[in-house]
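Okay, structure first, notes after.
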Amino acid sequence: MRSILNQIKRENQYLICILSVSIVASLCLFTRDYLDYKIVGYLLLVVVSLLATFLDILPVLLSAILSALIMNFFFLKPYYTFHISNAEDSLLLFLFFLIALINGVLTYRIRKAEKILQIKELRINTMKLYDALLDSLSHELRTPISTIMGSIDTIQSKTLTISEENKQKLYSEIEKASLRLNHQVENLLNMSRLESGVIQPKMDWCDLKELVYNVLDTLKDDLQFHKVVVVADENLPLFKLDYGLMEQIIYNLVFNASQYTPKGAKIEIKVEYNPDIDFEYNPDKLMPCVITISDDGGGFPEAEIDKVFDKFYRLQNSKTGGTGLGLSIVKGFVEAQNGKITLENKEEGGSAFKIYFPTLVMNTAAISNE
């Protein structure tokens, strides 16, 4: 509420002050014969205090002045004149204006001090986040760069004799390190795109089964000690989604599972849809495409499940490395396609990411039969 009102233009703030004071005064005017004018003063003081909580100082000063004038003109005898018949009422009016003014100014200053404190705390938290990012990047980027440079130095060395087999191993290490480096740079670029709001999904017909196998082929070295199972119907239709975003989503989730589950763990990727939606109530022919990526590893700490999609967040007891960007990018890419992602620990052990997309489908089996 406060952030909304802080964005209101100054002219509109003056209007809000005038209307607020006028409405309260009008309501009190109808009960003037039964209501002590001191109570009216208290009510107007409350209005000024509330306005000071949200608005700038000048509109608040206007509300204090307007309240004093209204008190004088409508509620102090003789009515409908600015003349005051006795010294007690004059003193009361002066004190009312003074209290309203001081109250408004102090409330505004307190709000301003709170805002400055919040900015300082935000800067401190931001610095902590960027320190954590730099620490993780220094590890995540230095490791593949060191591998690449070391391998190249070894290959180019004139003092060492390297067999062709060892050269091929070094070339393989360079390729793995390059892919890891590229993955980290892609995550940084993707997070930048999400932060700037320039993600515009390019929807087209996607064969998700083919996409999954392409991702698994890219990650074959990371998955060589895991058991990977793909569950998808043979007649799975095409889904209208953004191929590039979907590839990054599945890549990050499977890569995350490969890094944080023990060797020999099972990673299952399941793609399904519900063909039983009544199109009479679904004119856009949207069907739920559901992708589940689960494992039988150690799962996530229950207290941290709600935080895993936060930017830069890393599990407290996780191994060193990682930038804390992968899952936040997944969530951003899913939501960019009007989807939803959830995470839960399985009763039998491990975790399961479930992604739901409302999307158009194309039944390839029906087309081939035609």
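Residues in the structure tokens are named by chain (A, B, ... in the order shown) and by number from 1 within that chain; ligands are numbered from 1 in the order shown.
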Q: Skip Phe225 of chain A itself and residues of its chain fewer than 4 positions away, then list as a ChimeraX atom specification all residues within 8 Å of it, counting only C-alpha atoms.
A: /A:263-265
Could you save the residues just selected, with C-alpha atoms, as a tab-separated table (two decimals), in the first residue's frame?
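Written file, selection_23.tsv:
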chain	number	residue	atom	x	y	z
A	263	LYS	CA	26.68	-42.10	-7.93
A	264	GLY	CA	24.29	-44.84	-8.95
A	265	ALA	CA	21.22	-42.74	-8.18
Q) Would you give me, as a ChimeraX atom specification, the residues in segment 66-156 of chain A that DSSP reads as alpha helix (DSSP H)? A) /A:66-70,87-156
Dump C-alpha atoms for the selected residues as a PDB file, in the first residue's frame?
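This went into selection-v6.pdb:
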ATOM      1  CA  LEU A  66      -7.009  22.632   6.018  1.00  0.00           C
ATOM      2  CA  SER A  67      -8.029  20.712   9.157  1.00  0.00           C
ATOM      3  CA  ALA A  68      -7.418  23.789  11.342  1.00  0.00           C
ATOM      4  CA  LEU A  69      -9.444  26.030   9.005  1.00  0.00           C
ATOM      5  CA  ILE A  70     -12.315  23.525   8.899  1.00  0.00           C
ATOM      6  CA  ALA A  87      -9.552  32.805  24.235  1.00  0.00           C
ATOM      7  CA  GLU A  88      -9.954  29.150  25.239  1.00  0.00           C
ATOM      8  CA  ASP A  89     -11.134  28.153  21.751  1.00  0.00           C
ATOM      9  CA  SER A  90      -8.351  30.253  20.198  1.00  0.00           C
ATOM     10  CA  LEU A  91      -5.769  28.428  22.277  1.00  0.00           C
ATOM     11  CA  LEU A  92      -7.412  25.082  21.439  1.00  0.00           C
ATOM     12  CA  LEU A  93      -7.313  25.825  17.721  1.00  0.00           C
ATOM     13  CA  PHE A  94      -3.681  26.935  17.903  1.00  0.00           C
ATOM     14  CA  LEU A  95      -2.694  23.800  19.816  1.00  0.00           C
ATOM     15  CA  PHE A  96      -4.662  21.639  17.365  1.00  0.00           C
ATOM     16  CA  PHE A  97      -2.816  23.151  14.411  1.00  0.00           C
ATOM     17  CA  LEU A  98       0.542  22.876  16.182  1.00  0.00           C
ATOM     18  CA  ILE A  99      -0.003  19.231  17.164  1.00  0.00           C
ATOM     19  CA  ALA A 100      -1.278  18.331  13.684  1.00  0.00           C
ATOM     20  CA  LEU A 101       1.749  20.026  12.136  1.00  0.00           C
ATOM     21  CA  ILE A 102       4.294  18.426  14.484  1.00  0.00           C
ATOM     22  CA  ASN A 103       2.603  15.047  14.236  1.00  0.00           C
ATOM     23  CA  GLY A 104       2.592  15.181  10.446  1.00  0.00           C
ATOM     24  CA  VAL A 105       6.225  16.293  10.203  1.00  0.00           C
ATOM     25  CA  LEU A 106       7.478  13.751  12.730  1.00  0.00           C
ATOM     26  CA  THR A 107       5.561  10.898  11.116  1.00  0.00           C
ATOM     27  CA  TYR A 108       6.953  11.876   7.715  1.00  0.00           C
ATOM     28  CA  ARG A 109      10.506  12.044   9.101  1.00  0.00           C
ATOM     29  CA  ILE A 110      10.138   8.667  10.795  1.00  0.00           C
ATOM     30  CA  ARG A 111       8.931   7.192   7.498  1.00  0.00           C
ATOM     31  CA  LYS A 112      11.860   8.793   5.687  1.00  0.00           C
ATOM     32  CA  ALA A 113      14.325   7.414   8.273  1.00  0.00           C
ATOM     33  CA  GLU A 114      12.786   3.950   7.872  1.00  0.00           C
ATOM     34  CA  LYS A 115      13.173   4.187   4.109  1.00  0.00           C
ATOM     35  CA  ILE A 116      16.844   5.187   4.454  1.00  0.00           C
ATOM     36  CA  LEU A 117      17.390   2.263   6.834  1.00  0.00           C
ATOM     37  CA  GLN A 118      15.683  -0.115   4.409  1.00  0.00           C
ATOM     38  CA  ILE A 119      17.882   1.140   1.569  1.00  0.00           C
ATOM     39  CA  LYS A 120      20.992   0.584   3.694  1.00  0.00           C
ATOM     40  CA  GLU A 121      19.839  -2.922   4.634  1.00  0.00           C
ATOM     41  CA  LEU A 122      19.020  -3.644   0.993  1.00  0.00           C
ATOM     42  CA  ARG A 123      22.484  -2.512  -0.058  1.00  0.00           C
ATOM     43  CA  ILE A 124      24.092  -4.679   2.608  1.00  0.00           C
ATOM     44  CA  ASN A 125      22.032  -7.707   1.535  1.00  0.00           C
ATOM     45  CA  THR A 126      22.808  -6.994  -2.119  1.00  0.00           C
ATOM     46  CA  MET A 127      26.518  -6.839  -1.348  1.00  0.00           C
ATOM     47  CA  LYS A 128      26.245 -10.154   0.503  1.00  0.00           C
ATOM     48  CA  LEU A 129      24.484 -11.702  -2.490  1.00  0.00           C
ATOM     49  CA  TYR A 130      27.070 -10.422  -4.933  1.00  0.00           C
ATOM     50  CA  ASP A 131      29.905 -11.526  -2.639  1.00  0.00           C
ATOM     51  CA  ALA A 132      28.373 -15.001  -2.606  1.00  0.00           C
ATOM     52  CA  LEU A 133      28.005 -14.851  -6.395  1.00  0.00           C
ATOM     53  CA  LEU A 134      31.607 -13.737  -6.889  1.00  0.00           C
ATOM     54  CA  ASP A 135      32.852 -16.445  -4.524  1.00  0.00           C
ATOM     55  CA  SER A 136      30.954 -19.129  -6.395  1.00  0.00           C
ATOM     56  CA  LEU A 137      31.898 -17.713  -9.805  1.00  0.00           C
ATOM     57  CA  SER A 138      35.554 -17.594  -8.818  1.00  0.00           C
ATOM     58  CA  HIS A 139      35.289 -21.354  -8.250  1.00  0.00           C
ATOM     59  CA  GLU A 140      32.888 -22.282 -11.027  1.00  0.00           C
ATOM     60  CA  LEU A 141      34.702 -20.276 -13.723  1.00  0.00           C
ATOM     61  CA  ARG A 142      38.267 -20.747 -12.493  1.00  0.00           C
ATOM     62  CA  THR A 143      38.037 -24.544 -12.472  1.00  0.00           C
ATOM     63  CA  PRO A 144      37.161 -25.050 -16.169  1.00  0.00           C
ATOM     64  CA  ILE A 145      39.462 -22.210 -17.249  1.00  0.00           C
ATOM     65  CA  SER A 146      42.355 -23.766 -15.317  1.00  0.00           C
ATOM     66  CA  THR A 147      41.571 -27.158 -16.875  1.00  0.00           C
ATOM     67  CA  ILE A 148      41.548 -25.696 -20.384  1.00  0.00           C
ATOM     68  CA  MET A 149      44.763 -23.718 -19.887  1.00  0.00           C
ATOM     69  CA  GLY A 150      46.556 -26.647 -18.221  1.00  0.00           C
ATOM     70  CA  SER A 151      45.556 -29.080 -20.946  1.00  0.00           C
ATOM     71  CA  ILE A 152      46.599 -26.707 -23.715  1.00  0.00           C
ATOM     72  CA  ASP A 153      49.961 -26.051 -22.026  1.00  0.00           C
ATOM     73  CA  THR A 154      50.539 -29.794 -21.755  1.00  0.00           C
ATOM     74  CA  ILE A 155      49.646 -30.421 -25.395  1.00  0.00           C
ATOM     75  CA  GLN A 156      51.847 -27.557 -26.601  1.00  0.00           C
TER      76      GLN A 156
END
Q: Name all residues at most 8 Å from Val24 of chain A (count only C-alpha atoms; drop same-chain ones fewer than 3 positions away) and give them as a VMD selection string.
A: chain A and resid 20 to 21 27 to 28 43 to 44
Q) Which residues come within 8 Å of Ile291 of chain A, counting only C-alpha atoms, excluding same-chain residues fewer than 4 positions away, as a list in words? A)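 My list of contacting residues is Ile269, Lys270, Val271, Glu272, Lys354, Ile355 and Tyr356 of chain A.
Residues in contact range of Ile293 of chain A, defined as at most 10 Å between only C-alpha atoms, with sequence neighbours fewer than 3 positions away removed, read Val229, Val230, Ile250, Leu253, Val254, Ala257, Ile267, Glu268, Ile269, Lys270, Val271, Leu343, Ser351, Ala352, Phe353, Lys354 and Ile355 of chain A.
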Selected residues written out, all heavy atoms, as a compact mmCIF listing (two decimals), in the first residue's frame:
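As a result, part.txt now contains:
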# COMPACT_ATOMS: atom_id res chain seq x y z
N VAL A 229 16.20 -42.77 -16.61
CA VAL A 229 15.01 -43.41 -17.18
C VAL A 229 14.11 -42.33 -17.76
O VAL A 229 13.81 -41.34 -17.09
CB VAL A 229 14.24 -44.22 -16.12
CG1 VAL A 229 12.98 -44.83 -16.72
CG2 VAL A 229 15.14 -45.30 -15.52
N VAL A 230 13.69 -42.53 -19.01
CA VAL A 230 12.74 -41.60 -19.65
C VAL A 230 11.41 -42.32 -19.81
O VAL A 230 11.35 -43.41 -20.40
CB VAL A 230 13.26 -41.13 -21.03
CG1 VAL A 230 12.25 -40.21 -21.69
CG2 VAL A 230 14.60 -40.42 -20.87
N ILE A 250 14.98 -28.25 -18.86
CA ILE A 250 15.27 -29.67 -18.62
C ILE A 250 16.77 -29.86 -18.35
O ILE A 250 17.17 -30.62 -17.47
CB ILE A 250 14.80 -30.52 -19.81
CG1 ILE A 250 13.26 -30.44 -19.90
CG2 ILE A 250 15.23 -31.98 -19.64
CD1 ILE A 250 12.69 -31.11 -21.12
N LEU A 253 17.57 -28.78 -14.72
CA LEU A 253 17.03 -29.71 -13.72
C LEU A 253 17.79 -31.03 -13.70
O LEU A 253 18.10 -31.56 -12.63
CB LEU A 253 15.55 -29.94 -13.97
CG LEU A 253 14.62 -28.76 -13.68
CD1 LEU A 253 13.18 -29.10 -14.07
CD2 LEU A 253 14.68 -28.36 -12.21
N VAL A 254 18.08 -31.56 -14.88
CA VAL A 254 18.81 -32.83 -14.95
C VAL A 254 20.26 -32.64 -14.48
O VAL A 254 20.80 -33.47 -13.75
CB VAL A 254 18.76 -33.40 -16.38
CG1 VAL A 254 19.62 -34.67 -16.48
CG2 VAL A 254 17.33 -33.72 -16.78
N ALA A 257 20.29 -32.48 -10.79
CA ALA A 257 20.14 -33.82 -10.20
C ALA A 257 21.44 -34.62 -10.30
O ALA A 257 21.81 -35.35 -9.37
CB ALA A 257 19.01 -34.57 -10.91
N ILE A 267 17.67 -41.18 -11.99
CA ILE A 267 17.02 -39.92 -12.39
C ILE A 267 15.96 -40.27 -13.42
O ILE A 267 16.26 -40.88 -14.46
CB ILE A 267 18.05 -38.93 -13.00
CG1 ILE A 267 19.12 -38.59 -11.97
CG2 ILE A 267 17.33 -37.66 -13.48
CD1 ILE A 267 20.25 -37.73 -12.53
N GLU A 268 14.72 -39.92 -13.11
CA GLU A 268 13.61 -40.26 -14.01
C GLU A 268 13.01 -38.99 -14.60
O GLU A 268 12.73 -38.03 -13.88
CB GLU A 268 12.53 -41.04 -13.26
CG GLU A 268 11.36 -41.44 -14.16
CD GLU A 268 10.29 -42.23 -13.42
OE1 GLU A 268 10.51 -43.44 -13.21
OE2 GLU A 268 9.26 -41.63 -13.04
N ILE A 269 12.81 -39.00 -15.91
CA ILE A 269 12.18 -37.87 -16.61
C ILE A 269 10.88 -38.39 -17.23
O ILE A 269 10.91 -39.28 -18.09
CB ILE A 269 13.09 -37.30 -17.71
CG1 ILE A 269 14.46 -36.94 -17.12
CG2 ILE A 269 12.45 -36.08 -18.36
CD1 ILE A 269 15.51 -36.67 -18.16
N LYS A 270 9.78 -37.85 -16.78
CA LYS A 270 8.48 -38.32 -17.24
C LYS A 270 7.74 -37.19 -17.93
O LYS A 270 7.61 -36.09 -17.39
CB LYS A 270 7.67 -38.84 -16.06
CG LYS A 270 6.33 -39.47 -16.44
CD LYS A 270 5.64 -40.02 -15.19
CE LYS A 270 4.33 -40.72 -15.54
NZ LYS A 270 3.64 -41.24 -14.34
N VAL A 271 7.24 -37.45 -19.14
CA VAL A 271 6.48 -36.46 -19.90
C VAL A 271 5.10 -37.05 -20.17
O VAL A 271 4.98 -38.16 -20.70
CB VAL A 271 7.16 -36.11 -21.25
CG1 VAL A 271 6.39 -35.01 -21.96
CG2 VAL A 271 8.61 -35.70 -21.03
N LEU A 343 8.19 -28.29 -6.25
CA LEU A 343 9.21 -29.21 -5.76
C LEU A 343 8.72 -29.86 -4.49
O LEU A 343 8.18 -29.18 -3.60
CB LEU A 343 10.52 -28.46 -5.50
CG LEU A 343 11.59 -29.21 -4.70
CD1 LEU A 343 12.07 -30.44 -5.46
CD2 LEU A 343 12.76 -28.28 -4.37
N SER A 351 13.70 -36.47 -4.50
CA SER A 351 12.87 -35.30 -4.75
C SER A 351 12.25 -35.38 -6.13
O SER A 351 12.67 -36.17 -6.98
CB SER A 351 13.72 -34.01 -4.63
OG SER A 351 14.76 -34.03 -5.61
N ALA A 352 11.24 -34.54 -6.34
CA ALA A 352 10.55 -34.52 -7.64
C ALA A 352 10.18 -33.08 -7.99
O ALA A 352 9.49 -32.41 -7.24
CB ALA A 352 9.31 -35.40 -7.59
N PHE A 353 10.68 -32.63 -9.14
CA PHE A 353 10.24 -31.36 -9.72
C PHE A 353 9.11 -31.67 -10.70
O PHE A 353 9.26 -32.52 -11.58
CB PHE A 353 11.38 -30.68 -10.48
CG PHE A 353 12.47 -30.13 -9.60
CD1 PHE A 353 13.56 -30.92 -9.25
CD2 PHE A 353 12.41 -28.83 -9.13
CE1 PHE A 353 14.57 -30.42 -8.45
CE2 PHE A 353 13.41 -28.31 -8.32
CZ PHE A 353 14.49 -29.11 -7.98
N LYS A 354 8.01 -30.97 -10.55
CA LYS A 354 6.88 -31.17 -11.46
C LYS A 354 6.56 -29.84 -12.13
O LYS A 354 6.33 -28.83 -11.47
CB LYS A 354 5.66 -31.71 -10.72
CG LYS A 354 4.46 -31.98 -11.63
CD LYS A 354 3.39 -32.84 -10.94
CE LYS A 354 3.81 -34.27 -10.87
NZ LYS A 354 2.70 -35.17 -10.45
N ILE A 355 6.53 -29.87 -13.47
CA ILE A 355 6.26 -28.67 -14.26
C ILE A 355 4.96 -28.87 -15.03
O ILE A 355 4.77 -29.90 -15.69
CB ILE A 355 7.40 -28.36 -15.25
CG1 ILE A 355 8.75 -28.50 -14.56
CG2 ILE A 355 7.25 -26.97 -15.82
CD1 ILE A 355 9.92 -28.46 -15.52
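For Tyr243 of chain A, the non-local neighbours within 10 Å, defined as residues at least 2 positions apart in the same chain or in other chains and counting only C-alpha atoms, are Pro201, Lys202, Met203, Asp204, Trp205, Cys206, Asp207, Leu208, Leu211, Phe239, Lys240, Leu241, Leu245, Met246, Glu247, Gln248 and Ile249 of chain A.
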